[in-house]
Amino acid sequence: MEPLPRSFYEKEPDEVAEKLLGKLLVRLYEGRRLSGIIVETEAYYGELDPASRASRRGGLAKIMRGEAGMALVYGIHGRWLFNVVAHKSKGIGGVLIRALKPMDGLEVMMNLRGTRNVELIASGPGRLTQAMAINKWVHGKPVYIRAHGLWIEDMKGDVKVARSRRVGVTEDLPIPLRFYVEGCPYVSKVRSSRGVHPS
DNA sequence: CGCCAGATTGACT
DNA sequence: GTCAATCTGGCGG
């Protein structure tokens, strides 16, 4: 199946985040195909969004203002987080991919993660990048072509979308910007103390 | 350059 | 439930 076109990402971040649910993230790793269905995302905006790196003045903000459909890989707490730049023309924004349902290359992903528990393979932003060998190397590369071994394909079939506040951010916007597949066991488990009550 | 917060995780009491 | 390992990028000096 062909990768989703660049135009798919040229929309408001929350719309892209929601529509990415149910799509297939594919990674070529040492000649093998790793893939997983996207089951959890979060939208990030520009200066008005206190949780977004675009609200600071660094290189990440520059990329979030740049071409839509580019991979943005962000390091935090010793892990890599994978985002796709998404915004309308002249806008700023991105979508954080937070969890996958593993599909192709399960054995390889289990080895990369060091666990055989399928629900723990990619149920979190840091876990997902480890399972798919996503690192700084793909930073700034387009995900709407196959050339760099990382892309997102369309998938048929609808998913039941739920939304909530974003996870882990210290200062969130009053709007729920996290999207996930209702009842899906591959969605990251949110720590109890930080309430993610749907709102 | 050094400092340190942070879109996390997993190990431990 | 609590805690800290881990490391990049922003920011101050």
# chains A, B, ... in the order shown; residues from 1 in each chain; ligands from 1
call {"tool": "closest_atom_pairs", "arguments": {"of": "chain B", "to": "chain A", "cutoff": "10 Å", "atoms": "only C-alpha atoms (C1' of nucleotides)", "output": "CSV"}}
result
residue,atom,partner,partner_atom,distance
B:DA5,C1',A:Ile76,CA,9.9
B:DG6,C1',A:Ile76,CA,6.4
B:DA7,C1',A:Val169,CA,6.0
B:DT8,C1',A:His77,CA,6.0
B:DT9,C1',A:Gly126,CA,7.9
call {"tool": "write_last_selection", "arguments": {"atoms": "N, CA, C and O atoms (P, O5', C5', C4', C3', O3' and C1' of nucleotides)", "output": "PDB file, in the first residue's frame"}}
result
ATOM      1  P    DA B   5      15.601  21.397  37.326  1.00  0.00           P
ATOM      2  O5'  DA B   5      14.264  21.567  36.476  1.00  0.00           O
ATOM      3  C5'  DA B   5      14.112  22.709  35.651  1.00  0.00           C
ATOM      4  C4'  DA B   5      13.444  22.324  34.345  1.00  0.00           C
ATOM      5  C3'  DA B   5      12.250  21.384  34.497  1.00  0.00           C
ATOM      6  O3'  DA B   5      11.289  21.723  33.512  1.00  0.00           O
ATOM      7  C1'  DA B   5      13.905  20.332  33.173  1.00  0.00           C
ATOM      8  P    DG B   6       9.820  21.145  33.623  1.00  0.00           P
ATOM      9  O5'  DG B   6       9.910  19.982  32.530  1.00  0.00           O
ATOM     10  C5'  DG B   6      10.087  20.307  31.148  1.00  0.00           C
ATOM     11  C4'  DG B   6      10.227  19.014  30.376  1.00  0.00           C
ATOM     12  C3'  DG B   6       9.174  17.954  30.740  1.00  0.00           C
ATOM     13  O3'  DG B   6       8.657  17.374  29.542  1.00  0.00           O
ATOM     14  C1'  DG B   6      11.320  17.044  30.875  1.00  0.00           C
ATOM     15  P    DA B   7       7.380  17.973  28.919  1.00  0.00           P
ATOM     16  O5'  DA B   7       6.688  16.737  28.220  1.00  0.00           O
ATOM     17  C5'  DA B   7       5.681  15.991  28.878  1.00  0.00           C
ATOM     18  C4'  DA B   7       5.224  14.899  27.958  1.00  0.00           C
ATOM     19  C3'  DA B   7       6.301  13.844  27.684  1.00  0.00           C
ATOM     20  O3'  DA B   7       5.670  12.601  27.404  1.00  0.00           O
ATOM     21  C1'  DA B   7       5.721  14.864  25.672  1.00  0.00           C
ATOM     22  P    DT B   8       5.795  11.623  28.695  1.00  0.00           P
ATOM     23  O5'  DT B   8       7.312  11.106  28.690  1.00  0.00           O
ATOM     24  C5'  DT B   8       7.820  10.330  27.620  1.00  0.00           C
ATOM     25  C4'  DT B   8       8.503   9.078  28.150  1.00  0.00           C
ATOM     26  C3'  DT B   8       7.536   7.991  28.589  1.00  0.00           C
ATOM     27  O3'  DT B   8       7.782   6.853  27.770  1.00  0.00           O
ATOM     28  C1'  DT B   8       9.255   8.294  30.190  1.00  0.00           C
ATOM     29  P    DT B   9       6.929   5.544  27.849  1.00  0.00           P
ATOM     30  O5'  DT B   9       7.748   4.652  28.856  1.00  0.00           O
ATOM     31  C5'  DT B   9       9.079   4.307  28.493  1.00  0.00           C
ATOM     32  C4'  DT B   9       9.826   3.719  29.655  1.00  0.00           C
ATOM     33  C3'  DT B   9       9.170   2.459  30.234  1.00  0.00           C
ATOM     34  O3'  DT B   9      10.050   1.399  29.926  1.00  0.00           O
ATOM     35  C1'  DT B   9       9.979   3.937  31.925  1.00  0.00           C
TER      36       DT B   9
END
call {"tool": "select_by_dssp", "arguments": {"residues": "range 69-120 of chain A", "states": "strand (DSSP E or B)", "output": "PyMOL selection string"}}
result
chain A and resi 70-76+79-85+94-102
call {"tool": "write_last_selection", "arguments": {"atoms": "N, CA, C and O atoms", "output": "short mmCIF file (atom, residue, chain, number, x, y, z; two decimals), in the first residue's frame"}}
result
data_model
loop_
_atom_site.label_atom_id
_atom_site.label_comp_id
_atom_site.auth_asym_id
_atom_site.auth_seq_id
_atom_site.Cartn_x
_atom_site.Cartn_y
_atom_site.Cartn_z
N MET A 70 7.15 15.66 7.83
CA MET A 70 8.51 15.32 8.23
C MET A 70 8.51 14.63 9.59
O MET A 70 7.74 14.99 10.47
N ALA A 71 9.41 13.69 9.76
CA ALA A 71 9.59 13.06 11.07
C ALA A 71 10.30 14.04 11.99
O ALA A 71 11.19 14.77 11.57
N LEU A 72 9.87 14.10 13.24
CA LEU A 72 10.52 14.91 14.24
C LEU A 72 10.81 13.98 15.42
O LEU A 72 9.88 13.47 16.04
N VAL A 73 12.07 13.72 15.65
CA VAL A 73 12.44 12.81 16.72
C VAL A 73 13.04 13.63 17.86
O VAL A 73 13.96 14.42 17.66
N TYR A 74 12.49 13.43 19.03
CA TYR A 74 12.75 14.29 20.16
C TYR A 74 13.25 13.43 21.34
O TYR A 74 12.65 12.41 21.66
N GLY A 75 14.36 13.81 21.92
CA GLY A 75 14.92 13.01 23.01
C GLY A 75 14.47 13.52 24.36
O GLY A 75 14.48 14.71 24.61
N ILE A 76 14.07 12.59 25.21
CA ILE A 76 13.67 12.99 26.56
C ILE A 76 13.86 11.82 27.51
O ILE A 76 13.59 10.68 27.16
N ARG A 79 15.14 8.67 26.14
CA ARG A 79 14.37 7.92 25.14
C ARG A 79 14.12 8.82 23.94
O ARG A 79 14.25 10.03 24.04
N TRP A 80 13.71 8.19 22.84
CA TRP A 80 13.32 8.96 21.65
C TRP A 80 11.81 8.96 21.53
O TRP A 80 11.16 7.93 21.72
N LEU A 81 11.26 10.11 21.21
CA LEU A 81 9.83 10.20 20.94
C LEU A 81 9.66 10.57 19.47
O LEU A 81 10.37 11.42 18.95
N PHE A 82 8.71 9.92 18.82
CA PHE A 82 8.52 10.10 17.39
C PHE A 82 7.27 10.93 17.08
O PHE A 82 6.18 10.60 17.52
N ASN A 83 7.49 12.01 16.36
CA ASN A 83 6.40 12.91 15.95
C ASN A 83 6.41 13.07 14.44
O ASN A 83 7.42 12.86 13.79
N VAL A 84 5.28 13.51 13.89
CA VAL A 84 5.21 13.90 12.49
C VAL A 84 4.74 15.35 12.45
O VAL A 84 3.77 15.71 13.13
N VAL A 85 5.46 16.17 11.69
CA VAL A 85 5.07 17.57 11.56
C VAL A 85 3.72 17.65 10.84
O VAL A 85 3.53 17.01 9.80
N GLY A 94 2.51 19.51 15.35
CA GLY A 94 2.98 18.16 15.12
C GLY A 94 2.11 17.17 15.87
O GLY A 94 1.29 17.55 16.71
N VAL A 95 2.30 15.90 15.52
CA VAL A 95 1.55 14.83 16.16
C VAL A 95 2.53 13.83 16.76
O VAL A 95 3.41 13.33 16.06
N LEU A 96 2.38 13.59 18.05
CA LEU A 96 3.20 12.58 18.72
C LEU A 96 2.53 11.22 18.58
O LEU A 96 1.35 11.08 18.89
N ILE A 97 3.27 10.24 18.08
CA ILE A 97 2.75 8.88 17.99
C ILE A 97 3.08 8.19 19.31
O ILE A 97 4.25 8.07 19.67
N ARG A 98 2.07 7.75 20.06
CA ARG A 98 2.30 7.25 21.41
C ARG A 98 2.19 5.74 21.59
O ARG A 98 2.73 5.20 22.56
N ALA A 99 1.48 5.05 20.68
CA ALA A 99 1.35 3.60 20.86
C ALA A 99 0.95 2.92 19.57
O ALA A 99 0.27 3.49 18.72
N LEU A 100 1.39 1.67 19.44
CA LEU A 100 1.09 0.87 18.25
C LEU A 100 0.59 -0.51 18.67
O LEU A 100 0.97 -1.02 19.72
N LYS A 101 -0.24 -1.09 17.81
CA LYS A 101 -0.52 -2.51 17.90
C LYS A 101 0.44 -3.22 16.97
O LYS A 101 0.38 -3.03 15.75
N PRO A 102 1.39 -4.00 17.49
CA PRO A 102 2.42 -4.62 16.65
C PRO A 102 1.82 -5.52 15.59
O PRO A 102 0.87 -6.27 15.86
#
call {"tool": "atom_distance", "arguments": {"atom1": "CA of Asn135 in chain A", "atom2": "CA of Glu107 in chain A"}}
result
19.5 Å
call {"tool": "select_by_dssp", "arguments": {"residues": "range 21-143 of chain A", "states": "alpha helix (DSSP H)", "output": "count of residues only"}}
result
22
call {"tool": "closest_residue", "arguments": {"among": "A:Ala61, A:Leu25, A:Ala133, A:Val16", "to": "chain C", "atoms": "only C-alpha atoms (C1' of nucleotides)"}}
result
A:Ala61
call {"tool": "interface_residues", "arguments": {"of": "chain C", "to": "chain A", "cutoff": "9 Å", "atoms": "only C-alpha atoms (C1' of nucleotides)", "output": "VMD selection string"}}
result
chain C and resid 5 to 10
call {"tool": "atom_distance", "arguments": {"atom1": "CA of Glu18 in chain A", "atom2": "CA of Arg65 in chain A"}}
result
20.1 Å
call {"tool": "residues_around", "arguments": {"residues": "DC3 in chain C", "least_positions_apart": "3", "cutoff": "10 Å", "atoms": "only C-alpha atoms (C1' of nucleotides)", "output": "list of chain:residue names"}}
result
B:DA11, B:DC12, B:DT13
call {"tool": "write_last_selection", "arguments": {"atoms": "C-alpha atoms (C1' of nucleotides)", "output": "mmCIF file, in the first residue's frame"}}
result
data_model
loop_
_atom_site.group_PDB
_atom_site.id
_atom_site.type_symbol
_atom_site.label_atom_id
_atom_site.label_comp_id
_atom_site.auth_asym_id
_atom_site.auth_seq_id
_atom_site.Cartn_x
_atom_site.Cartn_y
_atom_site.Cartn_z
ATOM 1 C "C1'" DA B 11 12.275 -1.149 39.371
ATOM 2 C "C1'" DC B 12 11.406 -1.002 44.001
ATOM 3 C "C1'" DT B 13 8.996 -0.246 49.089
#
call {"tool": "atom_distance", "arguments": {"atom1": "CA of Ala147 in chain A", "atom2": "CA of Arg32 in chain A"}}
result
14.6 Å
